[in-house]
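A.B. asks: Got a structure here, written out as C-alpha cells. Questions coming.
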Amino acid sequence: WAGLSADEFGARAEPMSLPRHPDWPDLDCGLDRALLAFDHDRQRVLAVGRGADAAAADARAQEAAAWLDAEPSPMDPGGGPFSGELTASSAPAFEAQVAEVVARIGAGEIFQANIARRWTGRLLGGHSPYALFERLLRDSPAPFAGYLRLEGRAVVSNSPERFIRVDPRAGPLALTQPIKGTRPRGATPAADLALAQALLNDPKDRAENLMIVD
C-alpha cells in the first residue's frame, strides 16, 4: 500500500480541526500488485509481484521487470518549469499565525508547532509534474524523494530526511532521523569526538531533538 494523508486528515483527531483543502483528499491510498524495489546497499533491483497464486504473482513480477526496458522520457533541457514567480501567502497572515502559536504556547495548550507558508505557481505549458520531479532529481537529488500520481493531481517530494519510520517487529520501534540537531563528520577521530561533544552540550540542539522525540 502507498498513498498520502493530508494534514487535515490528522487534524480530525484533534479538538480543533482544520478546514478541508478543496483540491486534495484527506486520504488517498492504492494497492500496487507489481513494483520495482531498489536495494541501494547491494546495488540491485528486485521485481515483485502479487497475485492469487504463484503463477499470477510471477507474471506481475515479469511485467514490472519489463519497465526497466522502457525508453526514458526526454529530460527538460533547462529553464524554469514555472511561469512567472512563485508567490507566497501574505506576510501579515504568516506573522499572525506565529503570534497565535506563541500565545497558545504561553497558555500551556501546546509546546511547539510547525508553521509553513504556502507558495503557489503554475507549470509552464509542456511541463508535467513528473518533469518537475525529474528536474529535482537531476539538480538536487535527495534520499527521500517521491512522486505520487493521483487522479487530476500529483505529489512531488524532495526531502533529504526521513520524518519517521515505525517497525512493529522491533518492539515496536519508532525512528526519526532529522538533519537539524546533527553535526558533520570530522576529518579525524579527535575532531569527530569534539563535534559530538559540542552537539551534546548545545542547549538549542538538545531542545530541538527533544521536541522531535516528543
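Chain identifiers are assigned as A, B, and so on, following the order in which chains appear in the C-alpha cells; residues are numbered from 1 within each chain, and ligands are numbered from 1 in order of appearance.
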With DSSP run on the backbone, what are the alpha helix (DSSP H) residues within segment 64-167 of chain A? I'd like them as an NGL selection string.
C.D. replies: :A and (64-66 or 91-106 or 129-139)
A.B. asks: Would you kindly return, as a ChimeraX atom specification, each protein, DNA or RNA residue with an atom no farther than 10 Å from any atom of Phe144 of chain A, considering only C-alpha atoms and excluding same-chain residues fewer than 4 positions away?
C.D. replies: /A:157-163
A.B. asks: Using only C-alpha atoms, determine which residues lie at most 12 Å from Leu150 of chain A, disregarding the query and same-chain residues fewer than 6 positions distant; provide the list as a ChimeraX atom specification.
C.D. replies: /A:2-4,23-25,27-30,129-130,156
A.B. asks: Which neighbours of segment 99-104 of chain A fall inside 10 Å, counting only C-alpha atoms, when residues of the same chain fewer than 5 positions from it are skipped, and could you give them as a ChimeraX atom specification?
C.D. replies: /A:93-94,109-115
A.B. asks: I need the residues in segment 34-202 of chain A that are strand (DSSP E or B) according to DSSP; give them as a VMD selection string.
C.D. replies: chain A and resid 34 to 39 44 to 49 82 to 88 119 to 123 144 to 150 153 to 159 162 to 167 173 to 177
A.B. asks: Could you pull the residues within 10 Å of Ser90 of chain A, counting only C-alpha atoms, minus those fewer than 4 positions along the same chain, as number ranges by chain?
C.D. replies: A: 94-95, 117-119
A.B. asks: If you keep C-alpha atoms, can you produce a file of those selected residues as an mmCIF file, in the first residue's frame?
C.D. replies:
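Generated output (again_16.cif):
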data_model
loop_
_atom_site.group_PDB
_atom_site.id
_atom_site.type_symbol
_atom_site.label_atom_id
_atom_site.label_comp_id
_atom_site.auth_asym_id
_atom_site.auth_seq_id
_atom_site.Cartn_x
_atom_site.Cartn_y
_atom_site.Cartn_z
ATOM 1 C CA PHE A 94 2.015 34.365 8.453
ATOM 2 C CA GLU A 95 3.030 36.731 11.274
ATOM 3 C CA ARG A 117 3.930 29.391 4.228
ATOM 4 C CA ARG A 118 2.185 28.160 1.108
ATOM 5 C CA TRP A 119 3.934 29.015 -2.163
#
A.B. asks: Which of these, A:Leu35, A:Arg44, A:Thr182, A:Tyr147, has the shortest distance to Ala66 of chain A once you count only C-alpha atoms?
C.D. replies: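 Using only C-alpha atoms, Ala66 of chain A sits closest to A:Leu35.
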A.B. asks: Within 9 Å of segment 59-64 of chain A, counting only C-alpha atoms, which residues show up once you throw out same-chain ones fewer than 5 positions away? Write them as a list of chain:residue names, please.
C.D. replies: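 Near neighbours after the sequence-gap exclusion: A:Arg33, A:Ala34, A:Leu35, A:Leu36, A:Leu46, A:Ala47, A:Val48, A:Gly49, A:Arg50, A:Gly51, A:Ala54.
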A.B. asks: With C-alpha atoms retained, write the just-selected residues as a PDB file, in the first residue's frame.
C.D. replies:
ATOM      1  CA  ARG A  33       0.273  -5.564  -7.356  1.00  0.00           C
ATOM      2  CA  ALA A  34       3.588  -5.063  -9.151  1.00  0.00           C
ATOM      3  CA  LEU A  35       6.581  -2.942  -8.227  1.00  0.00           C
ATOM      4  CA  LEU A  36      10.316  -2.448  -8.617  1.00  0.00           C
ATOM      5  CA  LEU A  46      14.023  -6.539  -7.402  1.00  0.00           C
ATOM      6  CA  ALA A  47      10.826  -7.069  -9.402  1.00  0.00           C
ATOM      7  CA  VAL A  48       7.987  -8.012  -7.054  1.00  0.00           C
ATOM      8  CA  GLY A  49       4.525  -9.244  -7.962  1.00  0.00           C
ATOM      9  CA  ARG A  50       1.473 -10.313  -6.011  1.00  0.00           C
ATOM     10  CA  GLY A  51      -1.402 -12.482  -7.176  1.00  0.00           C
ATOM     11  CA  ALA A  54       2.432 -18.147  -7.657  1.00  0.00           C
TER      12      ALA A  54
END
A.B. asks: Using Å and a single decimal, report how far atom CA of Ala37 of chain A sits from atom CA of Ala65 of chain A.
C.D. replies: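 So the two atoms, atom CA of Ala65 of chain A and atom CA of Ala37 of chain A, lie 10.2 Å apart.
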A.B. asks: What's the separation between atom CA of Leu31 of chain A and atom CA of Trp1 of chain A, in Å to one decimal place?
C.D. replies: 4.6 Å
